[in-house]
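**Student:** One file: work_21.pdb (PDB, N, CA and C atoms).
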MODEL        1
ATOM      1  N   MET A 499       0.841  -1.169   0.000  1.00  0.00           N
ATOM      2  CA  MET A 499       0.000   0.000   0.000  1.00  0.00           C
ATOM      3  C   MET A 499       0.892   1.240   0.000  1.00  0.00           C
ATOM      4  N   ARG A 500       0.524   2.239  -0.794  1.00  0.00           N
ATOM      5  CA  ARG A 500       1.245   3.520  -0.828  1.00  0.00           C
ATOM      6  C   ARG A 500       0.517   4.498   0.086  1.00  0.00           C
ATOM      7  N   ILE A 501       1.277   5.219   0.896  1.00  0.00           N
ATOM      8  CA  ILE A 501       0.695   6.117   1.894  1.00  0.00           C
ATOM      9  C   ILE A 501       1.155   7.545   1.649  1.00  0.00           C
ATOM     10  N   VAL A 502       0.209   8.479   1.760  1.00  0.00           N
ATOM     11  CA  VAL A 502       0.499   9.912   1.736  1.00  0.00           C
ATOM     12  C   VAL A 502       0.162  10.450   3.121  1.00  0.00           C
ATOM     13  N   VAL A 503       1.085  11.166   3.721  1.00  0.00           N
ATOM     14  CA  VAL A 503       0.852  11.775   5.026  1.00  0.00           C
ATOM     15  C   VAL A 503       0.423  13.218   4.802  1.00  0.00           C
ATOM     16  N   HIS A 504      -0.684  13.593   5.432  1.00  0.00           N
ATOM     17  CA  HIS A 504      -1.193  14.957   5.357  1.00  0.00           C
ATOM     18  C   HIS A 504      -1.310  15.447   6.797  1.00  0.00           C
ATOM     19  N   GLY A 505      -0.431  16.348   7.188  1.00  0.00           N
ATOM     20  CA  GLY A 505      -0.443  16.805   8.569  1.00  0.00           C
ATOM     21  C   GLY A 505       0.429  18.022   8.755  1.00  0.00           C
ATOM     22  N   GLN A 506       0.789  18.272  10.006  1.00  0.00           N
ATOM     23  CA  GLN A 506       1.653  19.414  10.280  1.00  0.00           C
ATOM     24  C   GLN A 506       2.280  19.293  11.656  1.00  0.00           C
ATOM     25  N   GLU A 507       3.300  20.065  11.841  1.00  0.00           N
ATOM     26  CA  GLU A 507       3.980  20.241  13.118  1.00  0.00           C
ATOM     27  C   GLU A 507       4.492  18.927  13.715  1.00  0.00           C
ATOM     28  N   ALA A 508       4.700  18.922  15.027  1.00  0.00           N
ATOM     29  CA  ALA A 508       5.329  17.788  15.711  1.00  0.00           C
ATOM     30  C   ALA A 508       4.482  16.522  15.641  1.00  0.00           C
ATOM     31  N   PHE A 509       3.152  16.653  15.700  1.00  0.00           N
ATOM     32  CA  PHE A 509       2.304  15.462  15.643  1.00  0.00           C
ATOM     33  C   PHE A 509       2.453  14.771  14.293  1.00  0.00           C
ATOM     34  N   GLY A 510       2.414  15.535  13.213  1.00  0.00           N
ATOM     35  CA  GLY A 510       2.585  14.961  11.882  1.00  0.00           C
ATOM     36  C   GLY A 510       3.944  14.307  11.726  1.00  0.00           C
ATOM     37  N   LYS A 511       4.960  14.932  12.284  1.00  0.00           N
ATOM     38  CA  LYS A 511       6.312  14.358  12.229  1.00  0.00           C
ATOM     39  C   LYS A 511       6.348  13.026  12.966  1.00  0.00           C
ATOM     40  N   ALA A 512       5.715  12.960  14.136  1.00  0.00           N
ATOM     41  CA  ALA A 512       5.698  11.717  14.915  1.00  0.00           C
ATOM     42  C   ALA A 512       4.996  10.601  14.146  1.00  0.00           C
ATOM     43  N   VAL A 513       3.901  10.934  13.478  1.00  0.00           N
ATOM     44  CA  VAL A 513       3.185   9.940  12.673  1.00  0.00           C
ATOM     45  C   VAL A 513       4.089   9.424  11.557  1.00  0.00           C
ATOM     46  N   LEU A 514       4.745  10.341  10.855  1.00  0.00           N
ATOM     47  CA  LEU A 514       5.635   9.944   9.761  1.00  0.00           C
ATOM     48  C   LEU A 514       6.780   9.074  10.281  1.00  0.00           C
ATOM     49  N   GLU A 515       7.363   9.456  11.405  1.00  0.00           N
ATOM     50  CA  GLU A 515       8.452   8.659  11.986  1.00  0.00           C
ATOM     51  C   GLU A 515       8.001   7.222  12.245  1.00  0.00           C
ATOM     52  N   ARG A 516       6.825   7.058  12.844  1.00  0.00           N
ATOM     53  CA  ARG A 516       6.329   5.709  13.160  1.00  0.00           C
ATOM     54  C   ARG A 516       6.055   4.906  11.898  1.00  0.00           C
ATOM     55  N   LEU A 517       5.482   5.553  10.898  1.00  0.00           N
ATOM     56  CA  LEU A 517       5.213   4.840   9.641  1.00  0.00           C
ATOM     57  C   LEU A 517       6.512   4.353   9.006  1.00  0.00           C
ATOM     58  N   LEU A 518       7.520   5.215   8.991  1.00  0.00           N
ATOM     59  CA  LEU A 518       8.799   4.826   8.400  1.00  0.00           C
ATOM     60  C   LEU A 518       9.485   3.734   9.223  1.00  0.00           C
ATOM     61  N   GLU A 519       9.383   3.823  10.557  1.00  0.00           N
ATOM     62  CA  GLU A 519       9.958   2.786  11.425  1.00  0.00           C
ATOM     63  C   GLU A 519       9.346   1.420  11.135  1.00  0.00           C
ATOM     64  N   ARG A 520       8.059   1.424  10.806  1.00  0.00           N
ATOM     65  CA  ARG A 520       7.352   0.167  10.509  1.00  0.00           C
ATOM     66  C   ARG A 520       7.625  -0.328   9.096  1.00  0.00           C
ATOM     67  N   GLY A 521       8.340   0.474   8.317  1.00  0.00           N
ATOM     68  CA  GLY A 521       8.659   0.070   6.951  1.00  0.00           C
ATOM     69  C   GLY A 521       7.534   0.320   5.961  1.00  0.00           C
ATOM     70  N   GLU A 522       6.600   1.195   6.326  1.00  0.00           N
ATOM     71  CA  GLU A 522       5.477   1.504   5.434  1.00  0.00           C
ATOM     72  C   GLU A 522       5.976   2.270   4.210  1.00  0.00           C
ATOM     73  N   ASN A 523       5.254   2.156   3.122  1.00  0.00           N
ATOM     74  CA  ASN A 523       5.619   2.785   1.849  1.00  0.00           C
ATOM     75  C   ASN A 523       5.012   4.192   1.772  1.00  0.00           C
ATOM     76  N   VAL A 524       5.662   5.148   2.421  1.00  0.00           N
ATOM     77  CA  VAL A 524       5.207   6.542   2.387  1.00  0.00           C
ATOM     78  C   VAL A 524       5.770   7.168   1.119  1.00  0.00           C
ATOM     79  N   VAL A 525       4.884   7.704   0.273  1.00  0.00           N
ATOM     80  CA  VAL A 525       5.322   8.213  -1.027  1.00  0.00           C
ATOM     81  C   VAL A 525       5.355   9.739  -1.112  1.00  0.00           C
ATOM     82  N   ALA A 526       4.696  10.440  -0.185  1.00  0.00           N
ATOM     83  CA  ALA A 526       4.693  11.905  -0.224  1.00  0.00           C
ATOM     84  C   ALA A 526       4.125  12.461   1.072  1.00  0.00           C
ATOM     85  N   VAL A 527       4.399  13.738   1.290  1.00  0.00           N
ATOM     86  CA  VAL A 527       3.888  14.450   2.456  1.00  0.00           C
ATOM     87  C   VAL A 527       3.258  15.755   1.988  1.00  0.00           C
ATOM     88  N   PHE A 528       2.078  16.049   2.510  1.00  0.00           N
ATOM     89  CA  PHE A 528       1.397  17.313   2.259  1.00  0.00           C
ATOM     90  C   PHE A 528       1.253  18.039   3.585  1.00  0.00           C
ATOM     91  N   CYS A 529       1.604  19.323   3.601  1.00  0.00           N
ATOM     92  CA  CYS A 529       1.420  20.127   4.801  1.00  0.00           C
ATOM     93  C   CYS A 529       1.262  21.592   4.397  1.00  0.00           C
ATOM     94  N   ALA A 530       0.875  22.402   5.373  1.00  0.00           N
ATOM     95  CA  ALA A 530       0.670  23.825   5.113  1.00  0.00           C
ATOM     96  C   ALA A 530       1.994  24.481   4.725  1.00  0.00           C
ATOM     97  N   PRO A 531       1.923  25.543   3.917  1.00  0.00           N
ATOM     98  CA  PRO A 531       3.157  26.235   3.536  1.00  0.00           C
ATOM     99  C   PRO A 531       3.830  26.884   4.742  1.00  0.00           C
ATOM    100  N   ASP A 532       5.146  26.993   4.667  1.00  0.00           N
ATOM    101  CA  ASP A 532       5.894  27.664   5.725  1.00  0.00           C
ATOM    102  C   ASP A 532       5.508  29.137   5.751  1.00  0.00           C
ATOM    103  N   LYS A 533       5.491  29.707   6.958  1.00  0.00           N
ATOM    104  CA  LYS A 533       5.151  31.121   7.114  1.00  0.00           C
ATOM    105  C   LYS A 533       6.429  31.925   7.288  1.00  0.00           C
ATOM    106  N   GLU A 534       6.443  33.072   6.638  1.00  0.00           N
ATOM    107  CA  GLU A 534       7.610  33.943   6.699  1.00  0.00           C
ATOM    108  C   GLU A 534       7.921  34.323   8.145  1.00  0.00           C
ATOM    109  N   GLY A 535       9.179  34.207   8.502  1.00  0.00           N
ATOM    110  CA  GLY A 535       9.606  34.577   9.841  1.00  0.00           C
ATOM    111  C   GLY A 535       9.450  33.479  10.876  1.00  0.00           C
ATOM    112  N   LYS A 536       8.889  32.346  10.484  1.00  0.00           N
ATOM    113  CA  LYS A 536       8.716  31.232  11.423  1.00  0.00           C
ATOM    114  C   LYS A 536       9.593  30.064  10.992  1.00  0.00           C
ATOM    115  N   ALA A 537       9.874  29.204  11.932  1.00  0.00           N
ATOM    116  CA  ALA A 537      10.689  28.021  11.634  1.00  0.00           C
ATOM    117  C   ALA A 537       9.949  27.102  10.669  1.00  0.00           C
ATOM    118  N   LYS A 538      10.714  26.341   9.897  1.00  0.00           N
ATOM    119  CA  LYS A 538      10.130  25.387   8.963  1.00  0.00           C
ATOM    120  C   LYS A 538       9.313  24.355   9.739  1.00  0.00           C
ATOM    121  N   ASP A 539       8.202  23.930   9.154  1.00  0.00           N
ATOM    122  CA  ASP A 539       7.347  22.918   9.764  1.00  0.00           C
ATOM    123  C   ASP A 539       8.179  21.660  10.045  1.00  0.00           C
ATOM    124  N   PRO A 540       8.156  21.129  11.272  1.00  0.00           N
ATOM    125  CA  PRO A 540       8.949  19.937  11.589  1.00  0.00           C
ATOM    126  C   PRO A 540       8.622  18.744  10.689  1.00  0.00           C
ATOM    127  N   LEU A 541       7.374  18.583  10.308  1.00  0.00           N
ATOM    128  CA  LEU A 541       6.998  17.489   9.413  1.00  0.00           C
ATOM    129  C   LEU A 541       7.652  17.672   8.056  1.00  0.00           C
ATOM    130  N   ALA A 542       7.579  18.875   7.496  1.00  0.00           N
ATOM    131  CA  ALA A 542       8.175  19.141   6.182  1.00  0.00           C
ATOM    132  C   ALA A 542       9.689  18.943   6.225  1.00  0.00           C
ATOM    133  N   ALA A 543      10.322  19.428   7.276  1.00  0.00           N
ATOM    134  CA  ALA A 543      11.776  19.301   7.396  1.00  0.00           C
ATOM    135  C   ALA A 543      12.192  17.833   7.496  1.00  0.00           C
ATOM    136  N   PHE A 544      11.488  17.057   8.309  1.00  0.00           N
ATOM    137  CA  PHE A 544      11.824  15.643   8.481  1.00  0.00           C
ATOM    138  C   PHE A 544      11.598  14.869   7.187  1.00  0.00           C
ATOM    139  N   ALA A 545      10.483  15.146   6.514  1.00  0.00           N
ATOM    140  CA  ALA A 545      10.188  14.453   5.257  1.00  0.00           C
ATOM    141  C   ALA A 545      11.266  14.751   4.215  1.00  0.00           C
ATOM    142  N   ALA A 546      11.669  16.010   4.111  1.00  0.00           N
ATOM    143  CA  ALA A 546      12.715  16.383   3.153  1.00  0.00           C
ATOM    144  C   ALA A 546      14.032  15.689   3.505  1.00  0.00           C
ATOM    145  N   GLU A 547      14.331  15.617   4.793  1.00  0.00           N
ATOM    146  CA  GLU A 547      15.548  14.943   5.261  1.00  0.00           C
ATOM    147  C   GLU A 547      15.550  13.463   4.856  1.00  0.00           C
ATOM    148  N   LYS A 548      14.370  12.856   4.832  1.00  0.00           N
ATOM    149  CA  LYS A 548      14.239  11.444   4.459  1.00  0.00           C
ATOM    150  C   LYS A 548      14.109  11.247   2.949  1.00  0.00           C
ATOM    151  N   GLY A 549      14.147  12.358   2.198  1.00  0.00           N
ATOM    152  CA  GLY A 549      14.090  12.262   0.743  1.00  0.00           C
ATOM    153  C   GLY A 549      12.697  12.082   0.174  1.00  0.00           C
ATOM    154  N   LEU A 550      11.678  12.388   0.969  1.00  0.00           N
ATOM    155  CA  LEU A 550      10.299  12.266   0.499  1.00  0.00           C
ATOM    156  C   LEU A 550       9.853  13.555  -0.182  1.00  0.00           C
ATOM    157  N   PRO A 551       9.015  13.454  -1.209  1.00  0.00           N
ATOM    158  CA  PRO A 551       8.466  14.663  -1.817  1.00  0.00           C
ATOM    159  C   PRO A 551       7.575  15.393  -0.808  1.00  0.00           C
ATOM    160  N   VAL A 552       7.776  16.693  -0.682  1.00  0.00           N
ATOM    161  CA  VAL A 552       6.978  17.518   0.230  1.00  0.00           C
ATOM    162  C   VAL A 552       6.186  18.513  -0.605  1.00  0.00           C
ATOM    163  N   HIS A 553       4.870  18.509  -0.419  1.00  0.00           N
ATOM    164  CA  HIS A 553       3.986  19.424  -1.138  1.00  0.00           C
ATOM    165  C   HIS A 553       3.369  20.371  -0.115  1.00  0.00           C
ATOM    166  N   GLN A 554       3.495  21.673  -0.387  1.00  0.00           N
ATOM    167  CA  GLN A 554       2.951  22.691   0.502  1.00  0.00           C
ATOM    168  C   GLN A 554       2.125  23.687  -0.318  1.00  0.00           C
ATOM    169  N   PRO A 555       0.978  23.251  -0.824  1.00  0.00           N
ATOM    170  CA  PRO A 555       0.175  24.140  -1.666  1.00  0.00           C
ATOM    171  C   PRO A 555      -0.346  25.344  -0.879  1.00  0.00           C
ATOM    172  N   THR A 556      -0.462  26.462  -1.565  1.00  0.00           N
ATOM    173  CA  THR A 556      -0.962  27.672  -0.913  1.00  0.00           C
ATOM    174  C   THR A 556      -2.462  27.605  -0.673  1.00  0.00           C
ATOM    175  N   SER A 557      -3.148  26.744  -1.417  1.00  0.00           N
ATOM    176  CA  SER A 557      -4.585  26.539  -1.231  1.00  0.00           C
ATOM    177  C   SER A 557      -4.901  25.070  -1.485  1.00  0.00           C
ATOM    178  N   TRP A 558      -5.783  24.506  -0.674  1.00  0.00           N
ATOM    179  CA  TRP A 558      -6.172  23.103  -0.853  1.00  0.00           C
ATOM    180  C   TRP A 558      -7.222  22.963  -1.945  1.00  0.00           C
ATOM    181  N   LYS A 559      -7.653  24.070  -2.533  1.00  0.00           N
ATOM    182  CA  LYS A 559      -8.680  24.046  -3.581  1.00  0.00           C
ATOM    183  C   LYS A 559      -8.090  24.113  -4.984  1.00  0.00           C
ATOM    184  N   THR A 560      -6.779  24.066  -5.104  1.00  0.00           N
ATOM    185  CA  THR A 560      -6.129  24.160  -6.410  1.00  0.00           C
ATOM    186  C   THR A 560      -5.797  22.772  -6.945  1.00  0.00           C
ATOM    187  N   PRO A 561      -5.621  22.646  -8.266  1.00  0.00           N
ATOM    188  CA  PRO A 561      -5.225  21.355  -8.839  1.00  0.00           C
ATOM    189  C   PRO A 561      -3.899  20.847  -8.266  1.00  0.00           C
ATOM    190  N   GLU A 562      -3.012  21.762  -7.886  1.00  0.00           N
ATOM    191  CA  GLU A 562      -1.727  21.374  -7.301  1.00  0.00           C
ATOM    192  C   GLU A 562      -1.928  20.517  -6.048  1.00  0.00           C
ATOM    193  N   ALA A 563      -2.961  20.814  -5.278  1.00  0.00           N
ATOM    194  CA  ALA A 563      -3.217  20.093  -4.031  1.00  0.00           C
ATOM    195  C   ALA A 563      -3.793  18.706  -4.267  1.00  0.00           C
ATOM    196  N   LEU A 564      -4.306  18.483  -5.449  1.00  0.00           N
ATOM    197  CA  LEU A 564      -4.886  17.169  -5.735  1.00  0.00           C
ATOM    198  C   LEU A 564      -3.799  16.255  -6.175  1.00  0.00           C
TER
ENDMDL
END
Any chance you could put this one into structure tokens?

**Tutor:**
Amino acid sequence: MRIVVHGQEAFGKAVLERLLERGENVVAVFCAPDKEGKAKDPLAAFAAEKGLPVHQPTSWKTPEAL
């Protein structure tokens, strides 16, 4: 099964960590875009570190988000 993680912050990162520890087939991560002046989302940073595609669409109503 291919899994896409859709989440944010520390909770989303924890979910992704557990899925990867279990050897699940995570194929991409979707999360809110980073905000100017704030630290990068921990989920996005961890996913990028693991080499996973990270999608941060500015709106969930656009074709990019699908």

**Student:** What's the separation between CA of Ala508 (chain A) and CA of Asp539 (chain A), in Å to one decimal place?

**Tutor:**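 So the answer is 8.1 Å.
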
**Student:** What is the distance, in Å and to one decimal place, between atom N of Gly535 (chain A) and atom N of Thr560 (chain A)?

**Tutor:**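 Taking atom N of Gly535 (chain A) as the start and atom N of Thr560 (chain A) as the end point, the length is 23.3 Å.
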
**Student:** Give me, please, the distance in Å between CA of Arg500 (chain A) and CA of Lys533 (chain A), quoted to one decimal.

**Tutor:** 29.0 Å

**Student:** Starting from the displayed file, determine the output of the PyMOL selection byres (((chain A and resi 528 and name CA) around 12) and name CA) and express the residue list as JSON, numbers by chain.

**Tutor:** {"A": [501, 502, 503, 504, 505, 506, 507, 510, 511, 514, 524, 525, 526, 527, 529, 530, 531, 532, 539, 541, 542, 543, 545, 546, 550, 551, 552, 553, 554, 555, 556, 557, 558, 562, 563, 564]}

**Student:** So which bits of chain A end up alpha helix (DSSP H) when you DSSP the backbone, as a list in words?

**Tutor:** Glu507, Ala508, Phe509, Gly510, Lys511, Ala512, Val513, Leu514, Glu515, Arg516, Leu517, Leu518, Glu519, Pro540, Leu541, Ala542, Ala543, Phe544, Ala545, Ala546 and Glu547 of chain A

**Student:** Write out as lines of an AutoDock Vina configuration file an axis-aligned box for region 525-542 of chain A: all of its atoms listed in the file, 8 Å added on each side, centre and edge lengths in Å with one decimal.

**Tutor:**
center_x = 5.7
center_y = 21.1
center_z = 5.4
size_x = 26.0
size_y = 42.9
size_z = 29.0
